[in-house]
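A.B. asks: TSV, C-alpha atoms, file upload-v7.tsv:
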chain	number	residue	atom	x	y	z
A	1	MET	CA	16.87	20.48	25.28
A	2	SER	CA	13.59	21.51	23.60
A	3	ASP	CA	11.32	19.06	21.78
A	4	GLN	CA	12.14	20.76	18.48
A	5	ALA	CA	15.87	20.40	19.06
A	6	THR	CA	15.35	16.74	20.00
A	7	ARG	CA	13.41	16.12	16.77
A	8	LYS	CA	16.07	17.88	14.71
A	9	SER	CA	18.85	15.87	16.30
A	10	PHE	CA	16.93	12.62	15.69
A	11	LEU	CA	16.30	13.52	12.04
A	12	SER	CA	19.88	14.58	11.47
A	13	ARG	CA	21.15	11.34	13.04
A	14	TYR	CA	18.71	9.30	10.92
A	15	GLN	CA	19.81	11.09	7.75
A	16	ASP	CA	23.44	10.48	8.70
A	17	VAL	CA	22.74	6.78	9.28
A	18	MET	CA	20.39	6.10	6.34
A	19	PRO	CA	20.70	7.26	2.72
A	20	THR	CA	18.38	9.88	1.28
A	21	GLY	CA	15.04	8.35	0.35
A	22	ALA	CA	14.79	5.77	3.16
A	23	GLY	CA	12.46	7.96	5.21
A	24	ALA	CA	10.28	8.70	2.19
A	25	LEU	CA	9.95	4.98	1.43
A	26	PHE	CA	8.90	4.35	5.04
A	27	LEU	CA	6.07	6.91	4.69
A	28	ILE	CA	5.12	5.59	1.26
A	29	GLN	CA	4.83	2.07	2.66
A	30	ILE	CA	2.42	3.20	5.39
A	31	PHE	CA	0.01	4.87	2.97
A	32	ALA	CA	0.44	2.35	0.15
A	33	THR	CA	-0.64	-0.47	2.46
A	34	LEU	CA	-3.98	1.13	3.39
A	35	GLY	CA	-5.93	0.08	0.28
A	36	PHE	CA	-4.97	-3.58	0.35
A	37	SER	CA	-5.47	-3.79	4.12
A	38	VAL	CA	-8.98	-2.34	3.90
A	39	LEU	CA	-9.93	-4.76	1.12
A	40	TYR	CA	-8.33	-7.70	2.92
A	41	SER	CA	-10.36	-7.04	6.07
A	42	THR	CA	-13.62	-5.83	4.48
A	43	LEU	CA	-14.14	-7.43	1.07
A	44	ILE	CA	-16.18	-10.47	2.09
A	45	LEU	CA	-18.34	-8.40	4.46
A	46	TYR	CA	-18.93	-5.78	1.76
A	47	ALA	CA	-19.84	-8.45	-0.80
A	48	THR	CA	-22.35	-10.15	1.50
A	49	LYS	CA	-23.80	-7.27	3.54
A	50	GLY	CA	-23.27	-4.36	1.18
A	51	LEU	CA	-23.95	-5.95	-2.20
A	52	HIS	CA	-26.01	-8.92	-0.91
A	53	LEU	CA	-24.06	-11.48	-2.92
A	54	ASP	CA	-24.37	-15.18	-2.21
A	55	ASP	CA	-21.93	-16.42	0.48
A	56	ILE	CA	-20.21	-18.86	-1.90
A	57	LEU	CA	-19.77	-16.20	-4.60
A	58	ALA	CA	-18.49	-13.66	-2.06
A	59	THR	CA	-16.00	-16.18	-0.68
A	60	SER	CA	-14.85	-17.10	-4.20
A	61	ILE	CA	-14.29	-13.44	-5.10
A	62	THR	CA	-12.36	-12.78	-1.91
A	63	GLY	CA	-10.21	-15.90	-2.26
A	64	SER	CA	-9.46	-15.12	-5.91
A	65	PHE	CA	-8.55	-11.54	-5.03
A	66	ILE	CA	-6.04	-12.59	-2.38
A	67	ALA	CA	-4.50	-15.36	-4.51
A	68	LEU	CA	-4.16	-13.17	-7.61
A	69	ASN	CA	-2.62	-10.35	-5.60
A	70	TYR	CA	0.28	-12.56	-4.51
A	71	PHE	CA	0.59	-14.24	-7.90
A	72	LEU	CA	0.87	-10.88	-9.66
A	73	HIS	CA	3.87	-9.95	-7.49
A	74	LEU	CA	5.83	-12.24	-9.82
A	75	LEU	CA	4.80	-10.10	-12.77
A	76	GLY	CA	5.78	-6.91	-10.97
A	77	GLY	CA	9.17	-8.39	-10.13
A	78	TYR	CA	9.74	-9.32	-13.76
A	79	VAL	CA	8.58	-6.03	-15.28
A	80	GLY	CA	10.24	-3.76	-12.70
A	81	GLY	CA	13.62	-2.59	-13.98
A	82	ARG	CA	13.16	-4.17	-17.41
A	83	LEU	CA	10.35	-2.23	-19.08
A	84	LEU	CA	9.95	0.59	-16.55
A	85	SER	CA	11.97	1.78	-13.58
A	86	ASN	CA	10.73	0.58	-10.20
A	87	ARG	CA	9.73	4.16	-9.30
A	88	SER	CA	7.67	4.58	-12.47
A	89	LEU	CA	6.05	1.16	-12.15
A	90	PHE	CA	5.19	1.85	-8.50
A	91	GLY	CA	3.58	5.16	-9.51
A	92	VAL	CA	1.50	3.43	-12.20
A	93	GLY	CA	0.50	0.79	-9.66
A	94	MET	CA	-0.65	3.41	-7.16
A	95	VAL	CA	-2.77	5.14	-9.84
A	96	CYS	CA	-4.45	1.79	-10.56
A	97	GLN	CA	-5.11	1.24	-6.86
A	98	VAL	CA	-6.65	4.70	-6.40
A	99	VAL	CA	-8.94	4.20	-9.43
A	100	GLY	CA	-9.79	0.64	-8.37
A	101	LEU	CA	-10.86	1.69	-4.88
A	102	ALA	CA	-12.96	4.54	-6.29
A	103	LEU	CA	-14.75	2.01	-8.54
A	104	ILE	CA	-15.28	-0.41	-5.66
A	105	SER	CA	-16.92	2.37	-3.62
A	106	VAL	CA	-19.83	2.38	-6.12
A	107	PRO	CA	-22.35	-0.08	-4.61
A	108	ASP	CA	-22.76	-2.35	-7.63
A	109	SER	CA	-21.40	-5.85	-8.33
A	110	SER	CA	-20.07	-4.96	-11.80
A	111	HIS	CA	-18.19	-1.98	-10.34
A	112	LEU	CA	-16.82	-4.32	-7.68
A	113	LEU	CA	-15.32	-6.67	-10.29
A	114	TRP	CA	-13.90	-3.87	-12.44
A	115	GLY	CA	-12.56	-2.15	-9.34
A	116	LEU	CA	-10.92	-5.30	-8.01
A	117	SER	CA	-9.35	-5.96	-11.42
A	118	THR	CA	-7.94	-2.44	-11.60
A	119	PHE	CA	-6.77	-2.56	-8.00
A	120	LEU	CA	-5.07	-5.94	-8.56
A	121	ALA	CA	-3.23	-4.58	-11.59
A	122	GLY	CA	-1.73	-1.97	-9.28
A	123	SER	CA	-1.12	-3.92	-6.08
A	124	GLY	CA	0.26	-6.90	-7.95
A	125	ILE	CA	3.04	-4.89	-9.54
A	126	ASN	CA	3.97	-2.40	-6.84
A	127	MET	CA	4.86	-4.58	-3.84
A	128	THR	CA	8.08	-5.86	-5.37
A	129	CYS	CA	8.88	-2.34	-6.64
A	130	ILE	CA	9.05	-0.77	-3.20
A	131	ASN	CA	11.33	-3.56	-1.92
A	132	CYS	CA	13.58	-3.08	-4.94
A	133	MET	CA	13.68	0.67	-4.30
A	134	VAL	CA	14.85	0.01	-0.73
A	135	THR	CA	17.52	-2.35	-2.05
A	136	GLN	CA	18.75	0.21	-4.61
A	137	LEU	CA	19.58	2.71	-1.86
A	138	PHE	CA	22.49	0.56	-0.65
A	139	GLU	CA	25.66	-1.03	-1.90
A	140	PRO	CA	25.52	-4.86	-1.96
A	141	HIS	CA	27.46	-5.37	1.32
A	142	ASP	CA	26.00	-2.42	3.23
A	143	LYS	CA	24.77	-3.70	6.60
A	144	ARG	CA	22.38	-0.74	6.97
A	145	ARG	CA	20.10	-2.40	4.44
A	146	GLU	CA	18.72	-4.75	7.11
A	147	ALA	CA	17.65	-1.78	9.25
A	148	ALA	CA	16.02	-0.14	6.21
A	149	PHE	CA	13.97	-3.28	5.54
A	150	LEU	CA	13.00	-3.37	9.21
A	151	TRP	CA	11.66	0.19	8.82
A	152	ASN	CA	9.97	-0.81	5.57
A	153	TYR	CA	8.11	-3.73	7.15
A	154	SER	CA	7.32	-1.61	10.20
A	155	GLY	CA	5.66	0.89	7.86
A	156	MET	CA	3.63	-1.93	6.34
A	157	ASN	CA	2.50	-3.08	9.79
A	158	ILE	CA	1.55	0.47	10.79
A	159	GLY	CA	-0.51	0.74	7.60
A	160	PHE	CA	-2.28	-2.55	8.36
A	161	PHE	CA	-2.92	-1.52	11.97
A	162	VAL	CA	-4.47	1.82	10.97
A	163	ALA	CA	-6.49	0.31	8.12
A	164	VAL	CA	-7.95	-2.54	10.17
A	165	GLY	CA	-8.83	-0.17	13.03
A	166	VAL	CA	-10.54	2.31	10.71
A	167	SER	CA	-12.26	-0.54	8.84
A	168	ALA	CA	-13.77	-1.86	12.06
A	169	PHE	CA	-15.36	1.52	12.77
A	170	PHE	CA	-16.87	1.87	9.27
A	171	GLN	CA	-17.98	-1.77	9.21
A	172	LEU	CA	-20.09	-1.22	12.32
A	173	TYR	CA	-22.21	1.25	10.37
A	174	HIS	CA	-21.91	-0.53	7.00
A	175	ALA	CA	-20.41	2.71	5.63
A	176	PHE	CA	-18.49	0.85	2.93
A	177	LYS	CA	-18.44	3.68	0.40
A	178	SER	CA	-16.78	6.04	2.88
A	179	LEU	CA	-14.29	3.34	3.87
A	180	PHE	CA	-13.20	2.65	0.29
A	181	LEU	CA	-12.93	6.36	-0.46
A	182	PHE	CA	-10.82	6.79	2.69
A	183	SER	CA	-8.43	4.07	1.55
A	184	SER	CA	-8.37	5.56	-1.95
A	185	VAL	CA	-7.25	8.88	-0.48
A	186	GLY	CA	-4.59	7.03	1.54
A	187	ASN	CA	-3.21	5.49	-1.65
A	188	LEU	CA	-3.36	8.90	-3.33
A	189	VAL	CA	-1.19	10.30	-0.52
A	190	ALA	CA	1.36	7.52	-1.21
A	191	LEU	CA	1.34	8.48	-4.90
A	192	LEU	CA	1.89	12.16	-4.07
A	193	ILE	CA	4.84	11.29	-1.80
A	194	VAL	CA	6.33	9.23	-4.64
A	195	LEU	CA	5.98	12.16	-7.03
A	196	TYR	CA	7.39	14.65	-4.52
A	197	TYR	CA	10.46	12.52	-3.77
A	198	TYR	CA	10.74	11.06	-7.27
A	199	ARG	CA	14.34	12.14	-7.78
If you convert what's in this file into structure tokens, what do you get?
C.D. replies:
Amino acid sequence: MSDQATRKSFLSRYQDVMPTGAGALFLIQIFATLGFSVLYSTLILYATKGLHLDDILATSITGSFIALNYFLHLLGGYVGGRLLSNRSLFGVGMVCQVVGLALISVPDSSHLLWGLSTFLAGSGINMTCINCMVTQLFEPHDKRREAAFLWNYSGMNIGFFVAVGVSAFFQLYHAFKSLFLFSSVGNLVALLIVLYYYR
């Protein structure tokens, strides 16, 4: 059997096993994770070595960023499905992340704070949205849902792995602007996949 036939048979079996949209959400999760992963692994180094901020201030900014990100998931969970659909809210969140990372790439402390605020507005609301979108693909007692969440979290881990590896390379050369623009493009790819598979 040729490689192409093997790939087709795998895809057809996956589509038979999982509902339409599960594969798209897996890809979206990989690219959507890039921005947060890059910031998580690079922010304190960028603040101290790139912007020459005081160690205490840089640590405070990084700690606040991480804490607010997880706190804002509550807001995303509340808003999703009430004011906007989870798909629409996720799209808005990805736009905020793309803009936030572009602002952070400008080597200036005021751009850093505005960029982090914009990024947080997006990442805080979209994490719960993607989990809700996975849930909505299945009936309440459908046992395939567990496998879909396994794929979803695998996509997140792949995104973290790629982002941390790429970050390490750029950090060696203190090429922070290029790194943040790279992660911005990654989030833009996630947004484009959302728009392409919106229905």
A.B. asks: Would you mind telling me which residue in A:Asn86, A:Thr42, A:Val95, A:Pro107 lies nearest to Leu192 in chain A when using only C-alpha atoms?
C.D. replies: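 For Leu192 in chain A, the nearest of the given residues is A:Val95.
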A.B. asks: As an exercise, work out the distance from CA of Leu113 in chain A to CA of Val98 in chain A in Å and give it to one decimal place.
C.D. replies: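 Value for the CA of Leu113 in chain A-CA of Val98 in chain A distance: 14.8 Å.
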A.B. asks: So that I can check the surroundings of Val99 in chain A, please list as a PyMOL selection string every protein, DNA and RNA residue that reaches within 10 Å of it, counting all atoms listed in the file and ignoring chain neighbours fewer than 3 positions away.
C.D. replies: chain A and resi 94-96+102-104+114-116+118-119+122+184+187-188
A.B. asks: Which residue is closest to His73 in chain A? Choose from A:Ile61, A:Ile30, A:Ala121, A:Leu53 and count all atoms listed in the file.
C.D. replies: A:Ala121
A.B. asks: Is it possible to get the residues within 10 Å of (1.6, 6.1, -2.8) (coordinates as in the file, counting all atoms listed in the file) written as JSON, numbers by chain?
C.D. replies: {"A": [25, 27, 28, 29, 30, 31, 32, 33, 34, 90, 91, 92, 93, 94, 95, 97, 98, 126, 185, 186, 187, 188, 189, 190, 191, 192, 193, 194, 195]}
